[in-house]
Number of protein chains: 2
Amino acid sequence: MVKVAIDAMGGDFGPKPIIEGVVEALKIKEFEPILVGDENEIKKYLPKKLHDKVSFINSSDYIKMDEHATDALRRKESSIYKAIDLVRNNEADAVVSAGHSGATMSLATLRIGRIKGIKRPAIATFMPTIKKEYTLVLDVGANVDSDSENLYQFALMGEIYSREVLNHDKPKIGLLSNGEEDVKGNSVTKETFAKLKDNPSFYGNVEGNDIFKGVVDVVVCDGFVGNILLKTSEGVADTIVTMIKEEVRKSGLISKVGALLMRRVFKALKKSIDYAEYGGAPLLGVNGCVIVSHGKSNAKAIKNAIFQAINYTEADITAKIESKIKGE
Amino acid sequence: MVKVAIDAMGGDFGPKPIIEGVVEALKIKEFEPILVGDENEIKKYLPKKLHDKVSFINSSDYIKMDEHATDALRRKESSIYKAIDLVRNNEADAVVSAGHSGATMSLATLRIGRIKGIKRPAIATFMPTIKKEYTLVLDVGANVDSDSENLYQFALMGEIYSREVLNHDKPKIGLLSNGEEDVKGNSVTKETFAKLKDNPSFYGNVEGNDIFKGVVDVVVCDGFVGNILLKTSEGVADTIVTMIKEEVRKSGLISKVGALLMRRVFKALKKSIDYAEYGGAPLLGVNGCVIVSHGKSNAKAIKNAIFQAINYTEADITAKIESKIKGE
């Protein structure tokens with residue numbers, strides 16, 4: 001059975017939604033949760049009958065969201081440090097954390113280490129499409145100043161994840177660029193294009209709007225660009241929602257029906273951009289499974305992050321990435 | 001009076017909306033339009049009484065949207081070539097073109113040349129904000145692989161344009177980055193940050209979503225990132241509109257009222273992202289005024305692009321940029 005270490009403490013809302021997520025996951029799948037954190041606190045939210053289905057690793061410290069990631073390496077009593085070290089020491093197969101994402105990423109990279117041959121790990125996230133599927137986008141912020149070798153490796157890792165965990169039979173990989181023509185790009189993406197062009201999964205350059213059309217399954221970019229992409233999408237969605245609300249407010253005569261309709265629209269919108277639907281972002285390229293969940297994760301998000309961790313482990317993504325990189 | 005050369009031929013819909021835009025502009029402001037294109041075609045859309053208010057430069061060729069920008073330099077009979085050369089030869093103060101934007105940019109750069117001291121010109125565009133104002137974003141695609149000197153110059157040019165043409169008394173400049181903290185950025189933006197940090201107009205790093213909040217007046221980025229930013233925004237907006245339409249369609253019972261409400265929402269949305277409201281994107285850094293309008297420009301867009309060209313010329317932006325760069 002897959003052993004999943006769960007940082008129970010670091011999320012924005014404390015252990016409650018985290019433990020509820022574990023409980024939800026246990027109803028559906030068999031796995032061995034290792035709950036890292038303040039055992040007394042955790043037990044408040046864990047039904048008695050489940051106490052023997054989980055293990056506890058007590059921890060007296062956790063890294064707060066406004067603390068510096070650079071401190072993480074010294075905070076050996078923190079829940080995320082201990083959870084990551086369970087993977088390092090092969091006492092767990094995977095770790096799920098809704099805590100400080102910077103701390104999680106640097107601890108994962110430094111304590112677990114990279115897969116042999118991988119220059120830099122990448123954070124992969126899920127963007128909604130009009131096809132009601134997700135586009136996997138990486139890197140969305142683990143690195144800035146990626147070179148073509150980094151982007152090339154992101155492409156290979158994204159392909160493996162898409163095929164093995166997301167069940168896309170023949171995933172198509174796109175390279176994010178400033179135009180879809182082959183000649184478009186900056187110096188780094190042009191070099192990356194040349195490296196990818198003989199890969200049968202490579203679709204070619206894609207543009208920002210192609211992500212939401214679901215033109216490809218995996219989109220590769222530098223973490224600086226990926227972060228701007230995420231934040232821009234967030235900004236546009238917020239702006240449109242604000243505008244809609246204002247129009248509904250102004251249109252007094254149809255307010256009741258309008259409000260009903262708007263609730264449905266917002267619900268659909270929220271669902272499509274809700275990270276709870278997929279659970280968390282895998283940190284691809286570290287020598288073990290690390291799922292980085294949003295700090296505001298609810299029980300559903302944690303449950304889905306755990307499922308991702310189980311699928312990742314069962315599909316043996318780490319070994320597949322290592323053998324792919326070795327073969328290149 | 002300001003002389004504005006107008007490429008009457010290159011837009012997606014031929015000379016009709018272009019000439020209608022000129023007619024609209026003449027109703028409000030005095031200026032000297034120089035219409036470049038097929039004189040017989042142009043005259044079809046120009047009321048007789050205006051024939052002596054405009055000059056004509058006949059041209060037998062124009063560059064189609066699907067042709068290569070690289071051909072532009074050899075197409076000396078094309079409307080955009082002739083319009084640009086009017087500025088080059090001081091026979092016009094400004095040029096407005098809804099034609100092939102790549103051709104317009106390369107002809108402007110090669111035939112008119114750069115302002116002394118400017119390393120690279122930049123395309124500046126307008127992004128909507130929830131404050132119902134625009135954020136000026138540059139560069140959105142004239143260059144890829146900009147260095148910190150380029151970004152620094154974009155900041156100075158954006159500041160001048162924002163103050164002199166958009167009437168922001170003390171424009172605030174933001175540097176697009178992967179986080180708002182000073183230490184965030186890639187190697188190029190970190191270098192740019194160091195160059196800008198003593199500029200009193202410099203706000204600091206901004207994130208993708210800050211553009212739509214109207215946190216600053218001017219946002220500076222590399223053209224590769226700027227293009228992805230534009231396309232991503234477009235993609236998110238399209239996706240949300242598609243989702244709303246689907247929800248309205250599904251909700252049969254409230255369809256009539258819903259449809260009415262949706263028309264209002266879409267109208268407000270369309271208005272806020274409608275380039276017709278501001279007219280076109282100035283190409284900052286060339287030694288003359290060049291306004292690049294959208295190929296699908298309607299009369300209103302052309303009218304507003306002409307007003308931008310007049311304001312640009314009257315504020316003597318070119319000289320102000322030159323003297324600013326000289327002083328640095």
# chains A, B, ... in the order shown; residues from 1 in each chain; ligands from 1
$ residues_around --residues "stretch 109-114 of chain A" --least-positions-apart "3" --cutoff "8 Å" --atoms "only C-alpha atoms" --output "list in words"
Ile84, Asp85, Val87, Arg88, Met105, Ser106, Gly117, Ile118, Lys119, Arg120, Pro121, Gly285, Val286, Asn287 and Gly288 of chain A
$ write_last_selection --atoms "C-alpha atoms" --output "PDB file, in the first residue's frame"
ATOM      1  CA  ILE A  84       9.754  15.485   3.461  1.00  0.00           C
ATOM      2  CA  ASP A  85      12.342  13.507   5.393  1.00  0.00           C
ATOM      3  CA  VAL A  87      10.261  10.383   1.745  1.00  0.00           C
ATOM      4  CA  ARG A  88      14.002  10.980   1.902  1.00  0.00           C
ATOM      5  CA  MET A 105       9.895  23.122  -2.867  1.00  0.00           C
ATOM      6  CA  SER A 106      13.276  23.968  -1.410  1.00  0.00           C
ATOM      7  CA  GLY A 117      19.977  13.636 -14.851  1.00  0.00           C
ATOM      8  CA  ILE A 118      17.302  16.228 -14.075  1.00  0.00           C
ATOM      9  CA  LYS A 119      18.837  19.697 -13.912  1.00  0.00           C
ATOM     10  CA  ARG A 120      15.905  21.437 -12.277  1.00  0.00           C
ATOM     11  CA  PRO A 121      12.531  20.301 -10.926  1.00  0.00           C
ATOM     12  CA  GLY A 285      11.914  16.100 -11.161  1.00  0.00           C
ATOM     13  CA  VAL A 286      12.573  15.477  -7.471  1.00  0.00           C
ATOM     14  CA  ASN A 287      13.476  11.965  -6.499  1.00  0.00           C
ATOM     15  CA  GLY A 288      10.098  11.140  -4.958  1.00  0.00           C
TER      16      GLY A 288
END
$ interface_residues --of "chain A" --to "chain B" --cutoff "9 Å" --atoms "only C-alpha atoms" --output "ChimeraX atom specification"
/A:128-130,141,143-145,176-179,185-188,207-213,223-240,242-248,251,254,257-258,260-262,264-266,268-269
$ residues_around --residues "stretch 59-61 of chain B" --least-positions-apart "2" --cutoff "7 Å" --atoms "only C-alpha atoms" --output "list in words"
Val36, Gly37, Asp38, Ile57, Ile63, Glu77, Ser78 and Ser79 of chain B
$ residues_around --residues "stretch 26-35 of chain B" --least-positions-apart "3" --cutoff "6 Å" --atoms "only C-alpha atoms" --output "number ranges by chain"
B: 1-6, 23, 54-56
$ select_by_dssp --residues "stretch 42-290 of chain A" --states "alpha helix (DSSP H)" --output "JSON, numbers by chain"
{"A": [42, 43, 44, 45, 79, 80, 81, 82, 83, 84, 85, 86, 87, 88, 101, 102, 103, 104, 105, 106, 107, 148, 149, 150, 151, 152, 153, 154, 155, 156, 157, 158, 159, 160, 161, 162, 163, 164, 187, 188, 189, 190, 191, 192, 193, 194, 195, 196, 210, 211, 212, 213, 223, 224, 225, 226, 227, 228, 229, 230, 231, 232, 233, 234, 235, 236, 237, 238, 239, 240, 241, 242, 243, 244, 245, 246, 247, 248, 249, 250, 255, 256, 257, 258, 259, 260, 261, 262, 263, 264, 265, 266, 267, 268, 269, 270, 271, 272, 273]}
$ closest_residue --among "B:Ala72, B:Ala315, B:Glu328, B:Ser323" --to "B:Val165" --atoms "only C-alpha atoms"
B:Ala315
$ atom_distance --atom1 "atom CA of B:Ala94" --atom2 "atom CA of B:Asn40"
23.4 Å
$ residues_around --residues "A:Lys296" --least-positions-apart "4" --cutoff "8 Å" --atoms "only C-alpha atoms" --output "VMD selection string"
chain A and resid 11 to 13 98
$ atom_distance --atom1 "atom CA of A:Phe307" --atom2 "atom CA of A:Lys44"
23.5 Å
$ closest_residue --among "B:Glu314, B:Lys43, B:Asp71, B:Leu284" --to "B:Leu156" --atoms "only C-alpha atoms"
B:Leu284
$ atom_distance --atom1 "atom CA of B:Ser201" --atom2 "atom CA of B:Thr125"
19.4 Å
$ residues_around --residues "B:Ala301" --least-positions-apart "5" --cutoff "9 Å" --atoms "only C-alpha atoms" --output "VMD selection string"
chain B and resid 17 to 18 21 274 to 280 293 to 294 306
$ residues_around --residues "A:Gly102" --least-positions-apart "6" --cutoff "10 Å" --atoms "only C-alpha atoms" --output "mmCIF file with all heavy atoms, in the first residue's frame"
data_model
loop_
_atom_site.group_PDB
_atom_site.id
_atom_site.type_symbol
_atom_site.label_atom_id
_atom_site.label_comp_id
_atom_site.auth_asym_id
_atom_site.auth_seq_id
_atom_site.Cartn_x
_atom_site.Cartn_y
_atom_site.Cartn_z
ATOM 1 N N MET A 65 3.022 30.987 6.694
ATOM 2 C CA MET A 65 3.015 31.447 5.305
ATOM 3 C C MET A 65 3.870 32.701 5.092
ATOM 4 O O MET A 65 4.393 32.912 4.013
ATOM 5 C CB MET A 65 1.581 31.707 4.840
ATOM 6 C CG MET A 65 0.762 30.442 4.694
ATOM 7 S SD MET A 65 1.399 29.341 3.390
ATOM 8 C CE MET A 65 0.138 28.052 3.391
ATOM 9 N N GLU A 67 6.632 33.433 6.636
ATOM 10 C CA GLU A 67 8.046 33.244 6.970
ATOM 11 C C GLU A 67 8.862 32.969 5.704
ATOM 12 O O GLU A 67 8.305 32.638 4.661
ATOM 13 C CB GLU A 67 8.191 32.096 7.980
ATOM 14 C CG GLU A 67 7.560 32.465 9.329
ATOM 15 C CD GLU A 67 7.742 31.390 10.391
ATOM 16 O OE1 GLU A 67 7.297 30.251 10.159
ATOM 17 O OE2 GLU A 67 8.300 31.707 11.443
ATOM 18 N N HIS A 68 10.164 33.103 5.828
ATOM 19 C CA HIS A 68 11.018 32.920 4.653
ATOM 20 C C HIS A 68 11.328 31.456 4.387
ATOM 21 O O HIS A 68 11.648 30.702 5.308
ATOM 22 C CB HIS A 68 12.328 33.695 4.827
ATOM 23 C CG HIS A 68 12.153 35.147 4.555
ATOM 24 N ND1 HIS A 68 12.002 35.646 3.278
ATOM 25 C CD2 HIS A 68 12.063 36.215 5.380
ATOM 26 C CE1 HIS A 68 11.843 36.950 3.340
ATOM 27 N NE2 HIS A 68 11.857 37.332 4.605
ATOM 28 N N ALA A 69 11.240 31.082 3.110
ATOM 29 C CA ALA A 69 11.545 29.706 2.711
ATOM 30 C C ALA A 69 12.975 29.342 3.070
ATOM 31 O O ALA A 69 13.284 28.182 3.334
ATOM 32 C CB ALA A 69 11.302 29.532 1.210
ATOM 33 N N THR A 70 13.832 30.350 3.099
ATOM 34 C CA THR A 70 15.254 30.102 3.385
ATOM 35 C C THR A 70 15.481 29.558 4.793
ATOM 36 O O THR A 70 16.495 28.932 5.063
ATOM 37 C CB THR A 70 16.067 31.406 3.215
ATOM 38 O OG1 THR A 70 15.309 32.482 3.772
ATOM 39 C CG2 THR A 70 16.338 31.695 1.760
ATOM 40 N N ALA A 72 13.665 27.305 6.132
ATOM 41 C CA ALA A 72 13.084 25.964 6.228
ATOM 42 C C ALA A 72 14.108 24.894 6.569
ATOM 43 O O ALA A 72 13.816 23.958 7.322
ATOM 44 C CB ALA A 72 12.366 25.615 4.919
ATOM 45 N N ALA A 108 12.132 19.876 -0.544
ATOM 46 C CA ALA A 108 12.050 18.703 -1.425
ATOM 47 C C ALA A 108 13.307 18.602 -2.281
ATOM 48 O O ALA A 108 13.907 17.528 -2.408
ATOM 49 C CB ALA A 108 10.808 18.795 -2.307
ATOM 50 N N GLY A 141 6.714 28.305 -11.717
ATOM 51 C CA GLY A 141 7.311 29.124 -10.681
ATOM 52 C C GLY A 141 8.426 28.523 -9.853
ATOM 53 O O GLY A 141 8.953 29.185 -8.968
ATOM 54 N N ALA A 142 8.804 27.282 -10.139
ATOM 55 C CA ALA A 142 9.912 26.729 -9.363
ATOM 56 C C ALA A 142 11.238 27.389 -9.759
ATOM 57 O O ALA A 142 12.132 27.542 -8.948
ATOM 58 C CB ALA A 142 9.987 25.214 -9.557
ATOM 59 N N VAL A 292 2.239 19.690 -4.132
ATOM 60 C CA VAL A 292 2.136 20.978 -3.463
ATOM 61 C C VAL A 292 0.693 21.470 -3.598
ATOM 62 O O VAL A 292 0.244 21.797 -4.691
ATOM 63 C CB VAL A 292 3.101 22.002 -4.108
ATOM 64 C CG1 VAL A 292 3.033 23.339 -3.396
ATOM 65 C CG2 VAL A 292 4.534 21.466 -4.116
#
$ select_by_dssp --residues "stretch 41-232 of chain A" --states "strand (DSSP E)" --output "number ranges by chain"
A: 55-58, 94-97, 122-128, 134-138, 173-176, 202-206, 218-220
$ decode --residues "stretch 193-219 of chain B" --atoms "N, CA and C atoms" --output "compact mmCIF listing (two decimals), in the first residue's frame"
# COMPACT_ATOMS: atom_id res chain seq x y z
N PHE B 193 15.48 46.29 -12.36
CA PHE B 193 15.03 46.83 -11.07
C PHE B 193 16.11 47.75 -10.49
N ALA B 194 17.36 47.27 -10.53
CA ALA B 194 18.47 48.06 -9.98
C ALA B 194 18.61 49.40 -10.73
N LYS B 195 18.39 49.38 -12.04
CA LYS B 195 18.49 50.61 -12.84
C LYS B 195 17.34 51.58 -12.55
N LEU B 196 16.18 51.03 -12.23
CA LEU B 196 14.99 51.87 -12.05
C LEU B 196 14.81 52.34 -10.62
N LYS B 197 15.51 51.71 -9.67
CA LYS B 197 15.07 51.89 -8.29
C LYS B 197 15.19 53.33 -7.76
N ASP B 198 16.05 54.14 -8.36
CA ASP B 198 16.15 55.53 -7.90
C ASP B 198 15.23 56.47 -8.67
N ASN B 199 14.49 55.94 -9.62
CA ASN B 199 13.54 56.76 -10.37
C ASN B 199 12.31 56.97 -9.49
N PRO B 200 11.96 58.24 -9.19
CA PRO B 200 10.83 58.49 -8.28
C PRO B 200 9.49 57.96 -8.82
N SER B 201 9.39 57.74 -10.12
CA SER B 201 8.14 57.20 -10.68
C SER B 201 8.05 55.68 -10.54
N PHE B 202 9.15 55.05 -10.14
CA PHE B 202 9.18 53.59 -10.11
C PHE B 202 8.46 53.06 -8.87
N TYR B 203 7.46 52.22 -9.12
CA TYR B 203 6.64 51.65 -8.05
C TYR B 203 7.28 50.38 -7.50
N GLY B 204 7.97 49.65 -8.36
CA GLY B 204 8.55 48.36 -7.96
C GLY B 204 8.03 47.24 -8.84
N ASN B 205 8.21 46.02 -8.39
CA ASN B 205 7.70 44.87 -9.14
C ASN B 205 6.18 44.79 -9.03
N VAL B 206 5.55 44.37 -10.12
CA VAL B 206 4.11 44.08 -10.08
C VAL B 206 3.90 42.69 -10.67
N GLU B 207 2.76 42.09 -10.32
CA GLU B 207 2.43 40.76 -10.80
C GLU B 207 1.37 40.86 -11.90
N GLY B 208 1.16 39.75 -12.60
CA GLY B 208 0.21 39.73 -13.71
C GLY B 208 -1.16 40.28 -13.36
N ASN B 209 -1.68 39.93 -12.18
CA ASN B 209 -3.03 40.40 -11.83
C ASN B 209 -3.08 41.89 -11.48
N ASP B 210 -1.94 42.47 -11.11
CA ASP B 210 -1.92 43.89 -10.78
C ASP B 210 -2.28 44.78 -11.98
N ILE B 211 -2.00 44.27 -13.18
CA ILE B 211 -2.31 45.03 -14.39
C ILE B 211 -3.79 45.42 -14.40
N PHE B 212 -4.65 44.47 -14.02
CA PHE B 212 -6.09 44.67 -14.12
C PHE B 212 -6.67 45.38 -12.91
N LYS B 213 -5.87 45.50 -11.87
CA LYS B 213 -6.30 46.25 -10.69
C LYS B 213 -5.96 47.72 -10.85
N GLY B 214 -5.17 48.06 -11.86
CA GLY B 214 -4.77 49.45 -12.03
C GLY B 214 -3.84 49.93 -10.93
N VAL B 215 -2.98 49.04 -10.44
CA VAL B 215 -2.04 49.39 -9.36
C VAL B 215 -1.05 50.45 -9.84
N VAL B 216 -0.62 50.33 -11.10
CA VAL B 216 0.30 51.32 -11.68
C VAL B 216 -0.26 51.79 -13.03
N ASP B 217 0.35 52.83 -13.58
CA ASP B 217 -0.10 53.37 -14.87
C ASP B 217 0.60 52.71 -16.05
N VAL B 218 1.84 52.28 -15.80
CA VAL B 218 2.66 51.72 -16.88
C VAL B 218 3.28 50.41 -16.39
N VAL B 219 3.18 49.36 -17.19
CA VAL B 219 3.81 48.09 -16.85
C VAL B 219 4.84 47.75 -17.93
